Amino acid sequence: MPPARRSYDLGTHLVGAGIIPGIPVCIAAAVFIFMYSVWEGLLEFAGHERMCVLVSIIGFSMVYLTIGVYALADFGYLQRLREFKLQKRDISISEYRHAFIHSLVAFASSIPQIVLLSFLQDHDKTTFENIPGIPTTLFQIGLCAVLQEFTFYTSHRTLHIPYLYTRIHKVHHEYKTPVAVVGTYAHPLEHQIVSAPVILLPYLVGMHMYSAMWWFFIAGSGVSNHHSGYEFPWMMGNWAEQHDLHHLKFNGNYGIYGWLDRLCGTAFK
């Protein structure tokens with residue numbers, strides 16, 4: 001694996017950051033701001049449960065913006081990003097297509113969990129007047145991220161028990177060279193195990209559905225970044241490098257952010 005960090009000038013960093021995460025974040029933000037502007041009328045038309053389902057689907061669907069930017073880089077259309085690629089090997093178009101179709105199926109399979117969330121959420125979690133300010137939204141998203149690290153680390157490490165690995169988790173490891181779209185490439189049971197905390201955490205932390213829409217985009221994009229195979233000096237952490245090592249060596253680097261691996265002694269040196 002080539003080294004991930006080298007010295008680059010400020011201009012390279014600014015342009016790169018404008019592409020990823022810049023493009024997906026700006027487009028998603030525009031969509032979410034539009035949703036804010038039509039929230040009251042849409043809620044009156046759709047009702048509480050359907051509103052929960054709709055904004056959840058919108059939040060998750062924005063993740064494909066992140067996947068799309070990485071796909072353009074993988075196929076050579078964004079040469080500025082290619083120099084930050086960790087692996088020497090590219091996956092084939094047929095492999096990419098297979099993973100993409102699988103991701104759509106996985107997305108569809110999460111809808112029952114989203115419907116469950118819509119019935120669990122209190123009605124005041126969709127009203128326009130209860131949409132929280134930015135500080136509350138950021139705090140709740142940060143809290144969800146911390147809780148997700150615990151649930152993901154625990155479930156991921158458990159799935160590496162040999163009995164479960166060979167029957168369930170091995171599907172995810174079919175891709176030795178992970179790319180962004182491979183983030184949700186998994187056995188159907190594993191996908192339900194991993195996605196359930198992401199979808200249900202907004203209920204557990206009392207998050208409004210407008211904030212949950214942001215959380216779903218951020219969490220899903222985090223999975224894509226984690227599997228992207230690119231390590232950018234302008235982005236926090238070395239999550240892609242950590243997860244590349246996991247796909248290479250298997251037994252270690254089970255978490256997302258790395259601190260639970262360091263705490264539990266499962267981080268690769």
# chains A, B, ... in the order shown; residues from 1 in each chain; ligands from 1

call {"tool": "residues_around", "arguments": {"residues": "stretch 119-121 of chain A", "least_positions_apart": "5", "cutoff": "12 Å", "atoms": "only C-alpha atoms", "output": "PDB file with N, CA, C and O atoms, in the first residue's frame"}}
result
ATOM      1  N   GLY A  47     -48.424  13.954   6.401  1.00  0.00           N
ATOM      2  CA  GLY A  47     -48.662  13.394   7.723  1.00  0.00           C
ATOM      3  C   GLY A  47     -47.365  12.948   8.370  1.00  0.00           C
ATOM      4  O   GLY A  47     -46.321  12.832   7.708  1.00  0.00           O
ATOM      5  N   HIS A  48     -47.424  12.679   9.664  1.00  0.00           N
ATOM      6  CA  HIS A  48     -46.219  12.401  10.457  1.00  0.00           C
ATOM      7  C   HIS A  48     -45.425  11.198   9.953  1.00  0.00           C
ATOM      8  O   HIS A  48     -44.220  11.296   9.684  1.00  0.00           O
ATOM      9  N   GLU A  49     -46.075  10.044   9.841  1.00  0.00           N
ATOM     10  CA  GLU A  49     -45.344   8.818   9.498  1.00  0.00           C
ATOM     11  C   GLU A  49     -44.719   8.903   8.113  1.00  0.00           C
ATOM     12  O   GLU A  49     -43.550   8.563   7.917  1.00  0.00           O
ATOM     13  N   ARG A  50     -45.495   9.348   7.129  1.00  0.00           N
ATOM     14  CA  ARG A  50     -44.952   9.439   5.766  1.00  0.00           C
ATOM     15  C   ARG A  50     -43.858  10.503   5.675  1.00  0.00           C
ATOM     16  O   ARG A  50     -42.915  10.353   4.897  1.00  0.00           O
ATOM     17  N   MET A  51     -43.978  11.553   6.474  1.00  0.00           N
ATOM     18  CA  MET A  51     -42.929  12.578   6.494  1.00  0.00           C
ATOM     19  C   MET A  51     -41.633  11.982   7.024  1.00  0.00           C
ATOM     20  O   MET A  51     -40.545  12.241   6.482  1.00  0.00           O
ATOM     21  N   CYS A  52     -41.695  11.173   8.070  1.00  0.00           N
ATOM     22  CA  CYS A  52     -40.504  10.509   8.615  1.00  0.00           C
ATOM     23  C   CYS A  52     -39.835   9.641   7.549  1.00  0.00           C
ATOM     24  O   CYS A  52     -38.608   9.665   7.389  1.00  0.00           O
ATOM     25  N   VAL A  53     -40.653   8.872   6.851  1.00  0.00           N
ATOM     26  CA  VAL A  53     -40.110   7.978   5.822  1.00  0.00           C
ATOM     27  C   VAL A  53     -39.492   8.790   4.688  1.00  0.00           C
ATOM     28  O   VAL A  53     -38.387   8.495   4.220  1.00  0.00           O
ATOM     29  N   PRO A 112     -38.003  -1.033   5.840  1.00  0.00           N
ATOM     30  CA  PRO A 112     -38.792  -1.447   7.009  1.00  0.00           C
ATOM     31  C   PRO A 112     -38.281  -0.846   8.321  1.00  0.00           C
ATOM     32  O   PRO A 112     -39.090  -0.500   9.197  1.00  0.00           O
ATOM     33  N   GLN A 113     -36.959  -0.689   8.460  1.00  0.00           N
ATOM     34  CA  GLN A 113     -36.424  -0.051   9.669  1.00  0.00           C
ATOM     35  C   GLN A 113     -36.805   1.420   9.713  1.00  0.00           C
ATOM     36  O   GLN A 113     -37.092   1.969  10.792  1.00  0.00           O
ATOM     37  N   ILE A 114     -36.804   2.068   8.550  1.00  0.00           N
ATOM     38  CA  ILE A 114     -37.219   3.470   8.480  1.00  0.00           C
ATOM     39  C   ILE A 114     -38.696   3.608   8.851  1.00  0.00           C
ATOM     40  O   ILE A 114     -39.093   4.540   9.560  1.00  0.00           O
ATOM     41  N   THR A 126     -41.559  16.008  14.084  1.00  0.00           N
ATOM     42  CA  THR A 126     -41.696  16.399  12.680  1.00  0.00           C
ATOM     43  C   THR A 126     -42.276  17.802  12.523  1.00  0.00           C
ATOM     44  O   THR A 126     -42.291  18.323  11.409  1.00  0.00           O
ATOM     45  N   THR A 127     -42.733  18.421  13.614  1.00  0.00           N
ATOM     46  CA  THR A 127     -43.341  19.741  13.481  1.00  0.00           C
ATOM     47  C   THR A 127     -42.285  20.791  13.136  1.00  0.00           C
ATOM     48  O   THR A 127     -41.141  20.709  13.592  1.00  0.00           O
ATOM     49  N   ILE A 199     -30.223   3.994  11.883  1.00  0.00           N
ATOM     50  CA  ILE A 199     -31.594   4.448  11.621  1.00  0.00           C
ATOM     51  C   ILE A 199     -32.358   4.746  12.909  1.00  0.00           C
ATOM     52  O   ILE A 199     -33.147   5.696  12.973  1.00  0.00           O
ATOM     53  N   LEU A 200     -32.106   3.983  13.960  1.00  0.00           N
ATOM     54  CA  LEU A 200     -32.890   4.123  15.188  1.00  0.00           C
ATOM     55  C   LEU A 200     -32.275   5.073  16.211  1.00  0.00           C
ATOM     56  O   LEU A 200     -32.957   5.487  17.155  1.00  0.00           O
ATOM     57  N   LEU A 201     -30.999   5.442  16.027  1.00  0.00           N
ATOM     58  CA  LEU A 201     -30.368   6.363  16.978  1.00  0.00           C
ATOM     59  C   LEU A 201     -31.100   7.703  17.092  1.00  0.00           C
ATOM     60  O   LEU A 201     -31.184   8.256  18.195  1.00  0.00           O
ATOM     61  N   PRO A 202     -31.638   8.269  16.001  1.00  0.00           N
ATOM     62  CA  PRO A 202     -32.389   9.529  16.165  1.00  0.00           C
ATOM     63  C   PRO A 202     -33.526   9.420  17.176  1.00  0.00           C
ATOM     64  O   PRO A 202     -33.790  10.370  17.919  1.00  0.00           O
ATOM     65  N   TYR A 203     -34.194   8.279  17.220  1.00  0.00           N
ATOM     66  CA  TYR A 203     -35.254   8.079  18.216  1.00  0.00           C
ATOM     67  C   TYR A 203     -34.662   8.033  19.618  1.00  0.00           C
ATOM     68  O   TYR A 203     -35.197   8.648  20.555  1.00  0.00           O
ATOM     69  N   LEU A 204     -33.544   7.332  19.769  1.00  0.00           N
ATOM     70  CA  LEU A 204     -32.955   7.142  21.096  1.00  0.00           C
ATOM     71  C   LEU A 204     -32.408   8.438  21.679  1.00  0.00           C
ATOM     72  O   LEU A 204     -32.415   8.615  22.902  1.00  0.00           O
ATOM     73  N   VAL A 205     -31.914   9.336  20.827  1.00  0.00           N
ATOM     74  CA  VAL A 205     -31.353  10.593  21.346  1.00  0.00           C
ATOM     75  C   VAL A 205     -32.346  11.746  21.257  1.00  0.00           C
ATOM     76  O   VAL A 205     -32.002  12.885  21.574  1.00  0.00           O
ATOM     77  N   GLY A 206     -33.584  11.477  20.833  1.00  0.00           N
ATOM     78  CA  GLY A 206     -34.607  12.517  20.764  1.00  0.00           C
ATOM     79  C   GLY A 206     -34.385  13.523  19.662  1.00  0.00           C
ATOM     80  O   GLY A 206     -34.661  14.716  19.827  1.00  0.00           O
ATOM     81  N   MET A 207     -33.925  13.063  18.519  1.00  0.00           N
ATOM     82  CA  MET A 207     -33.573  13.946  17.403  1.00  0.00           C
ATOM     83  C   MET A 207     -34.794  14.255  16.539  1.00  0.00           C
ATOM     84  O   MET A 207     -35.588  13.366  16.240  1.00  0.00           O
ATOM     85  N   HIS A 208     -34.927  15.508  16.146  1.00  0.00           N
ATOM     86  CA  HIS A 208     -35.963  15.905  15.195  1.00  0.00           C
ATOM     87  C   HIS A 208     -35.648  15.300  13.834  1.00  0.00           C
ATOM     88  O   HIS A 208     -34.485  15.099  13.480  1.00  0.00           O
ATOM     89  N   MET A 209     -36.657  15.035  13.031  1.00  0.00           N
ATOM     90  CA  MET A 209     -36.438  14.367  11.749  1.00  0.00           C
ATOM     91  C   MET A 209     -35.682  15.242  10.752  1.00  0.00           C
ATOM     92  O   MET A 209     -35.023  14.717   9.853  1.00  0.00           O
ATOM     93  N   ALA A 212     -32.321  14.462  11.725  1.00  0.00           N
ATOM     94  CA  ALA A 212     -32.063  13.069  11.354  1.00  0.00           C
ATOM     95  C   ALA A 212     -31.718  12.949   9.875  1.00  0.00           C
ATOM     96  O   ALA A 212     -30.888  12.113   9.492  1.00  0.00           O
TER      97      ALA A 212
END

call {"tool": "residues_around", "arguments": {"residues": "A:Ala180", "least_positions_apart": "5", "cutoff": "6 Å", "atoms": "only C-alpha atoms", "output": "PDB file with N, CA and C atoms, in the first residue's frame"}}
result
ATOM      1  N   ILE A  67     -20.790   8.836  -3.218  1.00  0.00           N
ATOM      2  CA  ILE A  67     -20.376   7.662  -3.988  1.00  0.00           C
ATOM      3  C   ILE A  67     -20.064   8.057  -5.430  1.00  0.00           C
ATOM      4  N   SER A 224     -19.053   5.583   3.138  1.00  0.00           N
ATOM      5  CA  SER A 224     -18.454   5.666   1.808  1.00  0.00           C
ATOM      6  C   SER A 224     -17.010   6.151   1.886  1.00  0.00           C
ATOM      7  N   HIS A 227     -14.670   3.438   3.126  1.00  0.00           N
ATOM      8  CA  HIS A 227     -14.363   2.387   2.148  1.00  0.00           C
ATOM      9  C   HIS A 227     -13.791   2.933   0.835  1.00  0.00           C
ATOM     10  N   SER A 228     -13.585   4.230   0.764  1.00  0.00           N
ATOM     11  CA  SER A 228     -13.274   4.860  -0.521  1.00  0.00           C
ATOM     12  C   SER A 228     -11.940   4.441  -1.120  1.00  0.00           C
TER      13      SER A 228
END

call {"tool": "closest_residue", "arguments": {"among": "A:Gly222, A:Phe250, A:Tyr64, A:Val181", "to": "A:Ile161", "atoms": "only C-alpha atoms"}}
result
A:Phe250

call {"tool": "select_by_dssp", "arguments": {"residues": "stretch 28-176 of chain A", "states": "alpha helix (DSSP H)", "output": "VMD selection string"}}
result
chain A and resid 28 to 37 39 to 46 48 to 61 63 to 74 79 to 82 93 to 109 111 to 120 134 to 159 162 to 167

call {"tool": "closest_residue", "arguments": {"among": "A:Ala108, A:Ile58, A:Leu10, A:Ala219", "to": "A:Ile256", "atoms": "only C-alpha atoms"}}
result
A:Ala219

call {"tool": "closest_residue", "arguments": {"among": "A:His123, A:Lys176, A:His243, A:His102", "to": "A:His191", "atoms": "only C-alpha atoms"}}
result
A:His102

call {"tool": "residues_around", "arguments": {"residues": "A:Ile19", "least_positions_apart": "4", "cutoff": "10 Å", "atoms": "only C-alpha atoms", "output": "MDAnalysis selection string"}}
result
chainID A and resid 13:15 23:26 66 69:70 78 80:81

call {"tool": "atom_distance", "arguments": {"atom1": "atom CA of A:Phe75", "atom2": "atom CA of A:Arg89"}}
result
12.0 Å

call {"tool": "residues_around", "arguments": {"residues": "A:Asp244", "least_positions_apart": "4", "cutoff": "10 Å", "atoms": "only C-alpha atoms", "output": "PyMOL selection string"}}
result
chain A and resi 1+86-87+176-179+226-230+239-240+248-250+253

call {"tool": "write_last_selection", "arguments": {"atoms": "C-alpha atoms", "output": "PDB file, in the first residue's frame"}}
result
ATOM      1  CA  MET A   1       0.000   0.000   0.000  1.00  0.00           C
ATOM      2  CA  LEU A  86      -4.175   4.118  -1.427  1.00  0.00           C
ATOM      3  CA  GLN A  87      -4.360   0.971  -3.562  1.00  0.00           C
ATOM      4  CA  LYS A 176     -10.140  -6.912  -1.123  1.00  0.00           C
ATOM      5  CA  THR A 177      -9.824  -3.456  -2.693  1.00  0.00           C
ATOM      6  CA  PRO A 178     -12.696  -1.479  -1.174  1.00  0.00           C
ATOM      7  CA  VAL A 179     -14.270   1.485  -2.949  1.00  0.00           C
ATOM      8  CA  HIS A 226     -14.330   4.776   5.105  1.00  0.00           C
ATOM      9  CA  HIS A 227     -14.363   2.387   2.148  1.00  0.00           C
ATOM     10  CA  SER A 228     -13.274   4.860  -0.521  1.00  0.00           C
ATOM     11  CA  GLY A 229      -9.615   3.851  -0.773  1.00  0.00           C
ATOM     12  CA  TYR A 230      -8.590   7.528  -0.725  1.00  0.00           C
ATOM     13  CA  TRP A 239     -10.230   6.269   8.348  1.00  0.00           C
ATOM     14  CA  ALA A 240      -9.829   4.980   4.788  1.00  0.00           C
ATOM     15  CA  LEU A 248      -5.984  -6.532   3.934  1.00  0.00           C
ATOM     16  CA  LYS A 249      -5.317  -8.139   7.333  1.00  0.00           C
ATOM     17  CA  PHE A 250      -8.889  -8.911   8.539  1.00  0.00           C
ATOM     18  CA  ASN A 253      -9.294  -2.070  12.914  1.00  0.00           C
TER      19      ASN A 253
END

call {"tool": "residues_around", "arguments": {"residues": "A:Tyr210", "least_positions_apart": "3", "cutoff": "12 Å", "atoms": "only C-alpha atoms", "output": "mmCIF file with N, CA and C atoms, in the first residue's frame"}}
result
data_model
loop_
_atom_site.group_PDB
_atom_site.id
_atom_site.type_symbol
_atom_site.label_atom_id
_atom_site.label_comp_id
_atom_site.auth_asym_id
_atom_site.auth_seq_id
_atom_site.Cartn_x
_atom_site.Cartn_y
_atom_site.Cartn_z
ATOM 1 N N ALA A 29 -26.844 20.070 1.085
ATOM 2 C CA ALA A 29 -27.295 21.220 1.871
ATOM 3 C C ALA A 29 -28.374 21.996 1.124
ATOM 4 N N VAL A 31 -30.501 20.787 -1.028
ATOM 5 C CA VAL A 31 -31.721 19.981 -0.964
ATOM 6 C C VAL A 31 -32.363 20.104 0.412
ATOM 7 N N PHE A 32 -31.560 20.058 1.457
ATOM 8 C CA PHE A 32 -32.092 20.116 2.822
ATOM 9 C C PHE A 32 -32.657 21.505 3.139
ATOM 10 N N ILE A 33 -32.026 22.550 2.623
ATOM 11 C CA ILE A 33 -32.560 23.902 2.817
ATOM 12 C C ILE A 33 -33.904 24.052 2.099
ATOM 13 N N PHE A 34 -33.986 23.471 0.912
ATOM 14 C CA PHE A 34 -35.279 23.476 0.211
ATOM 15 C C PHE A 34 -36.329 22.741 1.032
ATOM 16 N N MET A 35 -35.948 21.586 1.605
ATOM 17 C CA MET A 35 -36.889 20.841 2.441
ATOM 18 C C MET A 35 -37.349 21.682 3.621
ATOM 19 N N TYR A 36 -36.444 22.450 4.188
ATOM 20 C CA TYR A 36 -36.809 23.343 5.295
ATOM 21 C C TYR A 36 -37.861 24.358 4.849
ATOM 22 N N SER A 37 -37.689 24.871 3.627
ATOM 23 C CA SER A 37 -38.595 25.912 3.139
ATOM 24 C C SER A 37 -39.997 25.389 2.852
ATOM 25 N N VAL A 38 -40.123 24.103 2.575
ATOM 26 C CA VAL A 38 -41.448 23.542 2.249
ATOM 27 C C VAL A 38 -41.945 22.601 3.341
ATOM 28 N N TRP A 39 -41.267 22.585 4.484
ATOM 29 C CA TRP A 39 -41.534 21.588 5.526
ATOM 30 C C TRP A 39 -42.980 21.600 5.995
ATOM 31 N N GLU A 40 -43.496 22.771 6.335
ATOM 32 C CA GLU A 40 -44.851 22.847 6.903
ATOM 33 C C GLU A 40 -45.901 22.324 5.919
ATOM 34 N N LEU A 43 -45.484 18.511 5.451
ATOM 35 C CA LEU A 43 -45.969 17.759 6.605
ATOM 36 C C LEU A 43 -47.486 17.714 6.629
ATOM 37 N N MET A 51 -43.978 11.553 6.474
ATOM 38 C CA MET A 51 -42.929 12.578 6.494
ATOM 39 C C MET A 51 -41.633 11.982 7.024
ATOM 40 N N CYS A 52 -41.695 11.173 8.070
ATOM 41 C CA CYS A 52 -40.504 10.509 8.615
ATOM 42 C C CYS A 52 -39.835 9.641 7.549
ATOM 43 N N VAL A 53 -40.653 8.872 6.851
ATOM 44 C CA VAL A 53 -40.110 7.978 5.822
ATOM 45 C C VAL A 53 -39.492 8.790 4.688
ATOM 46 N N LEU A 54 -40.189 9.832 4.252
ATOM 47 C CA LEU A 54 -39.714 10.637 3.123
ATOM 48 C C LEU A 54 -38.372 11.290 3.418
ATOM 49 N N VAL A 55 -38.254 11.968 4.555
ATOM 50 C CA VAL A 55 -37.004 12.683 4.828
ATOM 51 C C VAL A 55 -35.857 11.709 5.106
ATOM 52 N N SER A 56 -36.174 10.537 5.639
ATOM 53 C CA SER A 56 -35.138 9.523 5.841
ATOM 54 C C SER A 56 -34.581 9.048 4.500
ATOM 55 N N ILE A 57 -35.478 8.764 3.573
ATOM 56 C CA ILE A 57 -35.059 8.319 2.243
ATOM 57 C C ILE A 57 -34.251 9.416 1.536
ATOM 58 N N ILE A 58 -34.679 10.666 1.678
ATOM 59 C CA ILE A 58 -33.929 11.771 1.072
ATOM 60 C C ILE A 58 -32.532 11.858 1.674
ATOM 61 N N GLY A 59 -32.444 11.762 3.000
ATOM 62 C CA GLY A 59 -31.143 11.831 3.661
ATOM 63 C C GLY A 59 -30.196 10.751 3.175
ATOM 64 N N ASP A 124 -44.039 15.421 17.750
ATOM 65 C CA ASP A 124 -43.363 16.720 17.813
ATOM 66 C C ASP A 124 -41.987 16.689 17.159
ATOM 67 N N LYS A 125 -41.546 15.508 16.722
ATOM 68 C CA LYS A 125 -40.255 15.398 16.045
ATOM 69 C C LYS A 125 -40.359 15.648 14.540
ATOM 70 N N THR A 126 -41.559 16.008 14.084
ATOM 71 C CA THR A 126 -41.696 16.399 12.680
ATOM 72 C C THR A 126 -42.276 17.802 12.523
ATOM 73 N N THR A 127 -42.733 18.421 13.614
ATOM 74 C CA THR A 127 -43.341 19.741 13.481
ATOM 75 C C THR A 127 -42.285 20.791 13.136
ATOM 76 N N PHE A 128 -42.687 21.775 12.342
ATOM 77 C CA PHE A 128 -41.751 22.803 11.879
ATOM 78 C C PHE A 128 -41.213 23.642 13.035
ATOM 79 N N GLU A 129 -42.076 23.982 13.971
ATOM 80 C CA GLU A 129 -41.649 24.864 15.071
ATOM 81 C C GLU A 129 -40.650 24.187 16.007
ATOM 82 N N ASN A 130 -40.541 22.882 15.954
ATOM 83 C CA ASN A 130 -39.601 22.168 16.821
ATOM 84 C C ASN A 130 -38.276 21.826 16.133
ATOM 85 N N ILE A 131 -38.087 22.272 14.891
ATOM 86 C CA ILE A 131 -36.792 22.065 14.243
ATOM 87 C C ILE A 131 -35.735 22.797 15.063
ATOM 88 N N PRO A 132 -34.716 22.103 15.545
ATOM 89 C CA PRO A 132 -33.750 22.731 16.459
ATOM 90 C C PRO A 132 -32.755 23.616 15.733
ATOM 91 N N GLY A 133 -32.030 24.417 16.511
ATOM 92 C CA GLY A 133 -30.966 25.244 15.972
ATOM 93 C C GLY A 133 -29.727 24.417 15.647
ATOM 94 N N ILE A 134 -28.748 25.074 15.066
ATOM 95 C CA ILE A 134 -27.519 24.386 14.643
ATOM 96 C C ILE A 134 -26.771 23.763 15.816
ATOM 97 N N THR A 136 -27.796 22.496 18.701
ATOM 98 C CA THR A 136 -28.463 21.254 19.133
ATOM 99 C C THR A 136 -28.298 20.150 18.102
ATOM 100 N N THR A 137 -28.444 20.499 16.828
ATOM 101 C CA THR A 137 -28.288 19.505 15.764
ATOM 102 C C THR A 137 -26.884 18.932 15.753
ATOM 103 N N GLN A 140 -26.367 16.575 18.760
ATOM 104 C CA GLN A 140 -27.044 15.289 18.615
ATOM 105 C C GLN A 140 -26.373 14.415 17.550
ATOM 106 N N ILE A 141 -25.908 15.024 16.469
ATOM 107 C CA ILE A 141 -25.196 14.253 15.446
ATOM 108 C C ILE A 141 -23.890 13.711 16.022
ATOM 109 N N PRO A 202 -31.638 8.269 16.001
ATOM 110 C CA PRO A 202 -32.389 9.529 16.165
ATOM 111 C C PRO A 202 -33.526 9.420 17.176
ATOM 112 N N GLY A 206 -33.584 11.477 20.833
ATOM 113 C CA GLY A 206 -34.607 12.517 20.764
ATOM 114 C C GLY A 206 -34.385 13.523 19.662
ATOM 115 N N MET A 207 -33.925 13.063 18.519
ATOM 116 C CA MET A 207 -33.573 13.946 17.403
ATOM 117 C C MET A 207 -34.794 14.255 16.539
ATOM 118 N N MET A 213 -32.343 13.789 9.048
ATOM 119 C CA MET A 213 -32.029 13.785 7.622
ATOM 120 C C MET A 213 -30.553 14.104 7.408
ATOM 121 N N TRP A 214 -30.027 15.077 8.133
ATOM 122 C CA TRP A 214 -28.598 15.395 8.067
ATOM 123 C C TRP A 214 -27.757 14.231 8.585
ATOM 124 N N TRP A 215 -28.197 13.635 9.689
ATOM 125 C CA TRP A 215 -27.452 12.517 10.275
ATOM 126 C C TRP A 215 -27.346 11.348 9.296
ATOM 127 N N PHE A 216 -28.427 11.023 8.617
ATOM 128 C CA PHE A 216 -28.394 9.906 7.678
ATOM 129 C C PHE A 216 -27.412 10.182 6.527
ATOM 130 N N PHE A 217 -27.383 11.413 6.063
ATOM 131 C CA PHE A 217 -26.428 11.777 5.005
ATOM 132 C C PHE A 217 -24.991 11.684 5.520
#

call {"tool": "closest_residue", "arguments": {"among": "A:Tyr165, A:Phe45, A:Phe232, A:Tyr96", "to": "A:Pro21", "atoms": "only C-alpha atoms"}}
result
A:Phe232

call {"tool": "atom_distance", "arguments": {"atom1": "atom CA of A:Ala106", "atom2": "atom CA of A:Ala17"}}
result
28.8 Å

call {"tool": "residues_around", "arguments": {"residues": "A:Ile193", "least_positions_apart": "2", "cutoff": "12 Å", "atoms": "only C-alpha atoms", "output": "list in words"}}
result
Ala106, Ser109, Ser110, Gln113, Gln148, Thr151, Phe152, Tyr153, Thr154, Ser155, His156, Thr158, Leu159, Ile168, His169, Thr184, Ala186, His187, Pro188, Leu189, Glu190, His191, Ser195, Ala196, Pro197, Val198, Ile199 and Leu200 of chain A

call {"tool": "atom_distance", "arguments": {"atom1": "atom CA of A:Gly183", "atom2": "atom CA of A:Tyr163"}}
result
22.3 Å

call {"tool": "closest_residue", "arguments": {"among": "A:Gly18, A:Gly68, A:Ile111, A:Glu241", "to": "A:Ser221", "atoms": "only C-alpha atoms"}}
result
A:Gly68

call {"tool": "decode", "arguments": {"residues": "stretch 211-223 of chain A", "atoms": "N, CA and C atoms", "output": "PDB file, in the first residue's frame"}}
result
ATOM      1  N   SER A 211     -33.111  17.107  11.610  1.00  0.00           N
ATOM      2  CA  SER A 211     -31.729  16.813  11.996  1.00  0.00           C
ATOM      3  C   SER A 211     -31.353  15.390  11.602  1.00  0.00           C
ATOM      4  N   ALA A 212     -32.321  14.462  11.725  1.00  0.00           N
ATOM      5  CA  ALA A 212     -32.063  13.069  11.354  1.00  0.00           C
ATOM      6  C   ALA A 212     -31.718  12.949   9.875  1.00  0.00           C
ATOM      7  N   MET A 213     -32.343  13.789   9.048  1.00  0.00           N
ATOM      8  CA  MET A 213     -32.029  13.785   7.622  1.00  0.00           C
ATOM      9  C   MET A 213     -30.553  14.104   7.408  1.00  0.00           C
ATOM     10  N   TRP A 214     -30.027  15.077   8.133  1.00  0.00           N
ATOM     11  CA  TRP A 214     -28.598  15.395   8.067  1.00  0.00           C
ATOM     12  C   TRP A 214     -27.757  14.231   8.585  1.00  0.00           C
ATOM     13  N   TRP A 215     -28.197  13.635   9.689  1.00  0.00           N
ATOM     14  CA  TRP A 215     -27.452  12.517  10.275  1.00  0.00           C
ATOM     15  C   TRP A 215     -27.346  11.348   9.296  1.00  0.00           C
ATOM     16  N   PHE A 216     -28.427  11.023   8.617  1.00  0.00           N
ATOM     17  CA  PHE A 216     -28.394   9.906   7.678  1.00  0.00           C
ATOM     18  C   PHE A 216     -27.412  10.182   6.527  1.00  0.00           C
ATOM     19  N   PHE A 217     -27.383  11.413   6.063  1.00  0.00           N
ATOM     20  CA  PHE A 217     -26.428  11.777   5.005  1.00  0.00           C
ATOM     21  C   PHE A 217     -24.991  11.684   5.520  1.00  0.00           C
ATOM     22  N   ILE A 218     -24.747  12.216   6.700  1.00  0.00           N
ATOM     23  CA  ILE A 218     -23.386  12.215   7.252  1.00  0.00           C
ATOM     24  C   ILE A 218     -22.925  10.799   7.565  1.00  0.00           C
ATOM     25  N   ALA A 219     -23.798   9.999   8.190  1.00  0.00           N
ATOM     26  CA  ALA A 219     -23.420   8.627   8.541  1.00  0.00           C
ATOM     27  C   ALA A 219     -23.166   7.789   7.295  1.00  0.00           C
ATOM     28  N   GLY A 220     -24.049   7.903   6.304  1.00  0.00           N
ATOM     29  CA  GLY A 220     -23.872   7.144   5.069  1.00  0.00           C
ATOM     30  C   GLY A 220     -22.639   7.566   4.299  1.00  0.00           C
ATOM     31  N   SER A 221     -22.391   8.882   4.252  1.00  0.00           N
ATOM     32  CA  SER A 221     -21.189   9.367   3.572  1.00  0.00           C
ATOM     33  C   SER A 221     -19.937   8.934   4.316  1.00  0.00           C
ATOM     34  N   GLY A 222     -20.031   8.848   5.648  1.00  0.00           N
ATOM     35  CA  GLY A 222     -18.900   8.359   6.420  1.00  0.00           C
ATOM     36  C   GLY A 222     -18.525   6.930   6.048  1.00  0.00           C
ATOM     37  N   VAL A 223     -19.544   6.088   5.835  1.00  0.00           N
ATOM     38  CA  VAL A 223     -19.285   4.708   5.400  1.00  0.00           C
ATOM     39  C   VAL A 223     -18.597   4.706   4.033  1.00  0.00           C
TER      40      VAL A 223
END
